[in-house]
Amino acid sequence: MSFDPRSIPVDPAASAALARHGLEYRLLDPDDHEAMHAWVDAENRGFHHGRPREVDRAYDLAVAAERHVHGVYDPAAAHPAVPVATVDGWPTGLSVPGGRSVDAWAVSAVTVAPTHRRRGIARALMEGELANARSAGAAVAMLTVTEATIYGRYGYAPAARAATITVDRRRTHWIGPDAPGRVHFVDPHELREAAPAIARRAVARTPGEIDRWPGFLDRALGLVDPDGDGARGVRTVRYDDEHGQAQGFVAYRISREPNEPGFVEFDVLVAATDDAERALWRFLIEQDFVSGVRGRLRSVDEPLPWLLEDPRAATMSDVVDHLWVRVLDPVEALGARRYGSAGTLELEVADPLHLARGRFRLVVGERGRAEVERLDDSDAARAGLGLKLGVQELGAIYLGGTRPSVLARAARVTESAPGSVALADRMFAAERTPHLSIWF
Ligand SMILES: CC(C)(COP(=O)(O)OP(=O)(O)OC[C@H]1O[C@@H](n2cnc3c(N)ncnc32)[C@H](O)[C@@H]1OP(=O)(O)O)[C@@H](O)C(=O)NCCC(=O)NCCS
């Protein structure tokens with residue numbers, strides 16, 4: 001999706017809320033290098049990172065130039081050109097069940113300087129991003145979070161989880177099938193050519209994954225600073241299928257002490273097919289002179305234990321509520337995905353911010369396609385099956401990551417007639433467990 005970051009105007013409500021505190025809310029011009037430079041430095045400070053090296057700053061600037069970037073400025077601060085708060089957002093695709101994608105607005109870089117905390121700056125920024133998302137025509141907004149207590153108040157809810165998978169090399173004996181293709185060591189530059197197409201197909205088949213932004217793969221493959229200490233240790237391997245078609249890749253590092261076996265770590269294993277996923281896992285865990293393998297932000301439904309003689313060789317830790325989704329337009333959002341079962345369900349959605357509230361009728365046919373209509377006050381409630389839920393609960397069930405019946409047990413969803421929750425469970429089921437494998 002091509003996007004001009006300057007195409008959406010500054011949200012007047014956020015601007016007025018900040019002005020009441022003597023603060024200025026500014027949309028940055030990507031060509032204003034000085035302002036962008038100060039913004040990138042403030043964002044790094046906000047996330048408690050060190051001062052960026054020139055090479056990292058150049059990368060951050062290139063990424064930010066493609067986004068809708070806001071800063072909050074305090075004219076009375078010692079350095080008024082340095083923002084006291086940052087946020088950015090951009091329109092992008094979010095994969096939803098059925099191999100489809102919904103127009104979404106990603107929010108990132110939310111920071112407030114410790115000198116300016118707890119005076120409503122984050123609230124103004126978050127409400128501003130919801131307004132921007134609506135101006136961009138997004139059906140949902142989404143983000144990844146450092147803390148789980150911040151974003152529920154704006155209507156976001158956990159929609160796709162992720163976990164760290166650690167494999168004990170000494171206990172692994174592969175019992176899965178042999179892959180029909182083969183793995184190759186490839187140079188990261190060479191892999192960079194095939195990687196975008198593989199990543200696109202991998203994203204499309206997994207609900208919860210988002211489109212990768214330009215430059216993402218440069219960072220993932222260690223190409224931003226190839227001579228840096230981190231990047232020099234990155235090894236890249238590609239899987240080609242039996243027809244020689246590239247179908248997956250992994251970028252990993254091995255850390256080790258002298259005379260000790262190494263330990264394999266990876267953040268990026270991208271597979272467009274199940275064969276590729278199995279072959280890359282097998283490559284990683286069958287290496288000699290390593291004691292274990294650790295992959296971060298993996299699916300909580302990883303098939304790996306079923307491929308090992310001793311399934312306990314693979315353990316899961318750090319299970320997190322990784323992707324948070326906020327539904328903005330229920331008609332668009334619900335109509336974009338495919339459903340696990342046919343049926344008719346009425347949803348009565350409450351939303352404290354009044355963005356997604358209303359009554360909606362969801363009619364799903366035999367092939368999983370939905371017709372969604374907003375009901376108005378004159379539409380009498382049918383005696384049929386339906387759910388009463390909040391916008392957060394709608395976000396939680398949207399991708400199929402949480403069953404409506406679990407939320408009903410938590411008293412967060414109620415049914416209008418017996419059988420509604422059971423039907424909703426069947427309808428909202430996804431063909432693959434939702435999963436997001438990156439931070440954004
Ligand atoms: C999290 C952060 C952005 C909050 O900024 P802030 O301007 O102090 O927040 P606000 O004053 O606008 O508070 C908005 C609401 O969030 C709540 N809140 C703020 N920070 C919170 C936190 N860390 N945990 C839980 N609630 C929090 C406030 O109590 C307030 O609630 P209310 O509106 O319901 O009364 C800021 O502390 C920060 O920059 N942290 C470090 C970077 C970070 O973690 N960013 C989040 C990236 S996902």
# chains A, B, ... in the order shown; residues from 1 in each chain; ligands from 1
$ closest_atom_pairs --of "chain A" --to "ligand 1" --cutoff "7 Å" --atoms "only C-alpha atoms and all ligand atoms" --output "tab-separated table"
residue	atom	partner	partner_atom_place_in_ligand_line	distance
A:Gly46	CA	ligand 1	42 (C)	5.4
A:Phe47	CA	ligand 1	42 (C)	4.8
A:Ala109	CA	ligand 1	47 (C)	6.4
A:Val110	CA	ligand 1	45 (N)	4.9
A:Thr111	CA	ligand 1	39 (O)	3.5
A:Val112	CA	ligand 1	39 (O)	3.7
A:Ala113	CA	ligand 1	39 (O)	5.9
A:His116	CA	ligand 1	7 (O)	6.7
A:Arg117	CA	ligand 1	8 (O)	3.5
A:Arg118	CA	ligand 1	11 (O)	3.1
A:Arg119	CA	ligand 1	11 (O)	4.2
A:Gly120	CA	ligand 1	12 (O)	3.2
A:Ile121	CA	ligand 1	7 (O)	4.0
A:Ala122	CA	ligand 1	12 (O)	3.5
A:Arg123	CA	ligand 1	12 (O)	3.9
A:Ala124	CA	ligand 1	12 (O)	6.6
A:Thr144	CA	ligand 1	48 (S)	6.0
A:Val145	CA	ligand 1	48 (S)	3.8
A:Thr146	CA	ligand 1	48 (S)	4.5
A:Glu147	CA	ligand 1	48 (S)	6.5
A:Thr149	CA	ligand 1	25 (C)	4.6
A:Ile150	CA	ligand 1	26 (N)	4.5
A:Arg153	CA	ligand 1	34 (O)	6.3
$ write_last_selection --atoms "N, CA and C atoms" --output "CSV table (one decimal), in the first residue's frame"
chain,number,residue,atom,x,y,z
A,46,GLY,N,12.8,7.3,24.9
A,46,GLY,CA,11.5,6.9,25.5
A,46,GLY,C,11.4,5.4,25.8
A,47,PHE,N,12.1,4.6,24.9
A,47,PHE,CA,12.1,3.2,25.1
A,47,PHE,C,13.2,2.7,25.9
A,109,ALA,N,5.9,3.3,18.4
A,109,ALA,CA,6.7,4.4,18.9
A,109,ALA,C,6.0,5.3,19.9
A,110,VAL,N,5.1,4.6,20.7
A,110,VAL,CA,4.4,5.4,21.8
A,110,VAL,C,5.3,5.6,22.9
A,111,THR,N,5.8,6.8,23.1
A,111,THR,CA,6.6,7.1,24.3
A,111,THR,C,6.3,8.5,24.8
A,112,VAL,N,6.4,8.6,26.1
A,112,VAL,CA,6.2,9.9,26.8
A,112,VAL,C,7.4,10.1,27.7
A,113,ALA,N,8.1,11.3,27.6
A,113,ALA,CA,9.3,11.5,28.5
A,113,ALA,C,8.9,11.4,29.9
A,116,HIS,N,7.3,14.2,31.7
A,116,HIS,CA,6.0,14.7,31.3
A,116,HIS,C,4.9,13.6,31.5
A,117,ARG,N,5.2,12.6,32.3
A,117,ARG,CA,4.3,11.5,32.4
A,117,ARG,C,3.0,11.9,33.2
A,118,ARG,N,2.0,11.0,33.0
A,118,ARG,CA,0.8,11.1,33.7
A,118,ARG,C,0.1,12.5,33.8
A,119,ARG,N,0.1,13.1,32.6
A,119,ARG,CA,-0.8,14.3,32.4
A,119,ARG,C,-1.6,14.2,31.2
A,120,GLY,N,-1.8,12.9,30.7
A,120,GLY,CA,-2.8,12.7,29.6
A,120,GLY,C,-2.2,12.8,28.2
A,121,ILE,N,-0.8,12.8,28.1
A,121,ILE,CA,-0.2,12.9,26.8
A,121,ILE,C,-0.5,11.6,26.0
A,122,ALA,N,-0.3,10.5,26.7
A,122,ALA,CA,-0.5,9.2,26.0
A,122,ALA,C,-1.9,9.1,25.5
A,123,ARG,N,-2.8,9.5,26.4
A,123,ARG,CA,-4.2,9.4,26.0
A,123,ARG,C,-4.5,10.2,24.7
A,124,ALA,N,-4.0,11.5,24.7
A,124,ALA,CA,-4.2,12.3,23.5
A,124,ALA,C,-3.6,11.7,22.3
A,144,THR,N,1.7,-3.7,19.1
A,144,THR,CA,2.3,-4.6,20.1
A,144,THR,C,2.7,-3.9,21.3
A,145,VAL,N,2.7,-4.5,22.4
A,145,VAL,CA,2.7,-3.8,23.7
A,145,VAL,C,3.9,-4.2,24.6
A,146,THR,N,4.4,-3.2,25.4
A,146,THR,CA,5.4,-3.5,26.4
A,146,THR,C,4.7,-3.9,27.7
A,147,GLU,N,3.5,-3.3,28.0
A,147,GLU,CA,2.8,-3.6,29.2
A,147,GLU,C,1.3,-3.9,28.8
A,149,THR,N,-1.4,-3.4,30.5
A,149,THR,CA,-2.4,-2.6,31.3
A,149,THR,C,-2.7,-1.3,30.7
A,150,ILE,N,-2.0,-1.0,29.6
A,150,ILE,CA,-2.1,0.4,29.0
A,150,ILE,C,-3.2,0.6,28.0
A,153,ARG,N,-8.0,0.4,27.7
A,153,ARG,CA,-8.9,1.6,27.9
A,153,ARG,C,-9.2,2.2,26.6
$ select_by_dssp --residues "region 225-358 of chain A" --states "alpha helix (DSSP H)" --output "list in words"
Asp229, Gly230, Ala231, Arg232, Asp274, Asp275, Ala276, Glu277, Arg278, Ala279, Leu280, Trp281, Arg282, Phe283, Leu284, Ile285, Pro330, Val331, Glu332, Ala333, Leu334, Gly335 and Ala336 of chain A
$ atom_distance --atom1 "CA of Val237 (chain A)" --atom2 "CA of Pro52 (chain A)"
29.1 Å
$ closest_residue --among "A:Arg312, A:Val82, A:Pro30, A:Lys388" --to "Leu61 (chain A)" --atoms "only C-alpha atoms"
A:Pro30
$ residues_around --residues "region 62-65 of chain A" --least-positions-apart "6" --cutoff "8 Å" --atoms "only C-alpha atoms" --output "PDB file with N, CA, C and O atoms, in the first residue's frame"
ATOM      1  N   PRO A   5       2.586  10.077   4.046  1.00  0.00           N
ATOM      2  CA  PRO A   5       2.368  10.336   5.471  1.00  0.00           C
ATOM      3  C   PRO A   5       1.731  11.693   5.732  1.00  0.00           C
ATOM      4  O   PRO A   5       1.162  11.916   6.787  1.00  0.00           O
ATOM      5  N   PRO A  30       8.523  14.443   6.758  1.00  0.00           N
ATOM      6  CA  PRO A  30       9.685  13.543   6.632  1.00  0.00           C
ATOM      7  C   PRO A  30      10.903  14.216   6.012  1.00  0.00           C
ATOM      8  O   PRO A  30      12.026  13.738   6.190  1.00  0.00           O
ATOM      9  N   ASP A  31      10.688  15.339   5.312  1.00  0.00           N
ATOM     10  CA  ASP A  31      11.840  16.034   4.710  1.00  0.00           C
ATOM     11  C   ASP A  31      12.517  17.006   5.674  1.00  0.00           C
ATOM     12  O   ASP A  31      13.551  17.580   5.351  1.00  0.00           O
ATOM     13  N   ASP A  88       3.959   6.954  16.084  1.00  0.00           N
ATOM     14  CA  ASP A  88       3.774   6.918  14.633  1.00  0.00           C
ATOM     15  C   ASP A  88       2.737   5.875  14.270  1.00  0.00           C
ATOM     16  O   ASP A  88       2.373   5.020  15.086  1.00  0.00           O
ATOM     17  N   TRP A 213       7.154  -3.846   6.429  1.00  0.00           N
ATOM     18  CA  TRP A 213       7.396  -2.520   5.875  1.00  0.00           C
ATOM     19  C   TRP A 213       8.740  -2.525   5.142  1.00  0.00           C
ATOM     20  O   TRP A 213       9.603  -3.369   5.409  1.00  0.00           O
ATOM     21  N   PRO A 214       8.912  -1.538   4.208  1.00  0.00           N
ATOM     22  CA  PRO A 214      10.185  -1.481   3.493  1.00  0.00           C
ATOM     23  C   PRO A 214      11.321  -1.361   4.509  1.00  0.00           C
ATOM     24  O   PRO A 214      11.216  -0.609   5.462  1.00  0.00           O
ATOM     25  N   GLY A 215      12.369  -2.092   4.315  1.00  0.00           N
ATOM     26  CA  GLY A 215      13.502  -2.019   5.241  1.00  0.00           C
ATOM     27  C   GLY A 215      13.454  -3.079   6.325  1.00  0.00           C
ATOM     28  O   GLY A 215      14.478  -3.393   6.929  1.00  0.00           O
TER      29      GLY A 215
END
$ residues_around --residues "Gly340 (chain A)" --least-positions-apart "5" --cutoff "9 Å" --atoms "only C-alpha atoms" --output "list in words"
Pro97, Gly98, Arg367, Gly368, Asp425, Arg426, Met427, Phe428, Ala429, Ala430 and Glu431 of chain A
$ closest_atom_pairs --of "region 34-138 of chain A" --to "region 12-23 of chain A" --cutoff "12 Å" --atoms "only C-alpha atoms" --output "Markdown table"
| residue | atom | partner | partner_atom | distance |
| --- | --- | --- | --- | --- |
| A:His70 | CA | A:Ser15 | CA | 10.8 |
| A:Gly71 | CA | A:Leu23 | CA | 10.2 |
| A:Val72 | CA | A:Leu23 | CA | 6.5 |
| A:Tyr73 | CA | A:Leu23 | CA | 5.6 |
| A:Asp74 | CA | A:Leu23 | CA | 5.0 |
| A:Pro75 | CA | A:Leu23 | CA | 7.1 |
| A:Ala76 | CA | A:Gly22 | CA | 8.5 |
| A:Ala77 | CA | A:Leu23 | CA | 10.1 |
| A:Pro80 | CA | A:Leu23 | CA | 10.3 |
| A:Pro83 | CA | A:Leu23 | CA | 10.0 |
| A:Val84 | CA | A:Leu23 | CA | 9.2 |
| A:Ala85 | CA | A:Leu23 | CA | 10.2 |
| A:His116 | CA | A:Leu23 | CA | 10.3 |
| A:Arg118 | CA | A:His21 | CA | 11.8 |
| A:Arg119 | CA | A:His21 | CA | 8.2 |
| A:Gly120 | CA | A:Leu18 | CA | 8.0 |
| A:Ile121 | CA | A:Leu18 | CA | 6.8 |
| A:Ala122 | CA | A:Leu18 | CA | 10.0 |
| A:Arg123 | CA | A:Ala14 | CA | 8.6 |
| A:Ala124 | CA | A:Ala14 | CA | 4.9 |
| A:Leu125 | CA | A:Ala14 | CA | 6.6 |
| A:Met126 | CA | A:Ala14 | CA | 8.7 |
| A:Glu127 | CA | A:Ala14 | CA | 6.9 |
| A:Gly128 | CA | A:Ala14 | CA | 5.3 |
| A:Glu129 | CA | A:Ala14 | CA | 9.1 |
| A:Leu130 | CA | A:Ala14 | CA | 10.4 |
| A:Ala131 | CA | A:Ala13 | CA | 9.0 |
| A:Asn132 | CA | A:Ala14 | CA | 10.6 |
$ closest_residue --among "A:Thr115, A:Asn44, A:Thr433, A:Thr206" --to "Asp301 (chain A)" --atoms "only C-alpha atoms"
A:Thr433
$ residues_around --residues "Gly395 (chain A)" --least-positions-apart "3" --cutoff "10 Å" --atoms "only C-alpha atoms" --output "number ranges by chain"
A: 140-142, 155-159, 324-328, 330, 333, 390-392, 398-402
$ atom_distance --atom1 "CA of Asp310 (chain A)" --atom2 "CA of Arg171 (chain A)"
6.7 Å
$ residues_around --residues "Trp174 (chain A)" --least-positions-apart "6" --cutoff "12 Å" --atoms "only C-alpha atoms" --output "count of residues only"
19
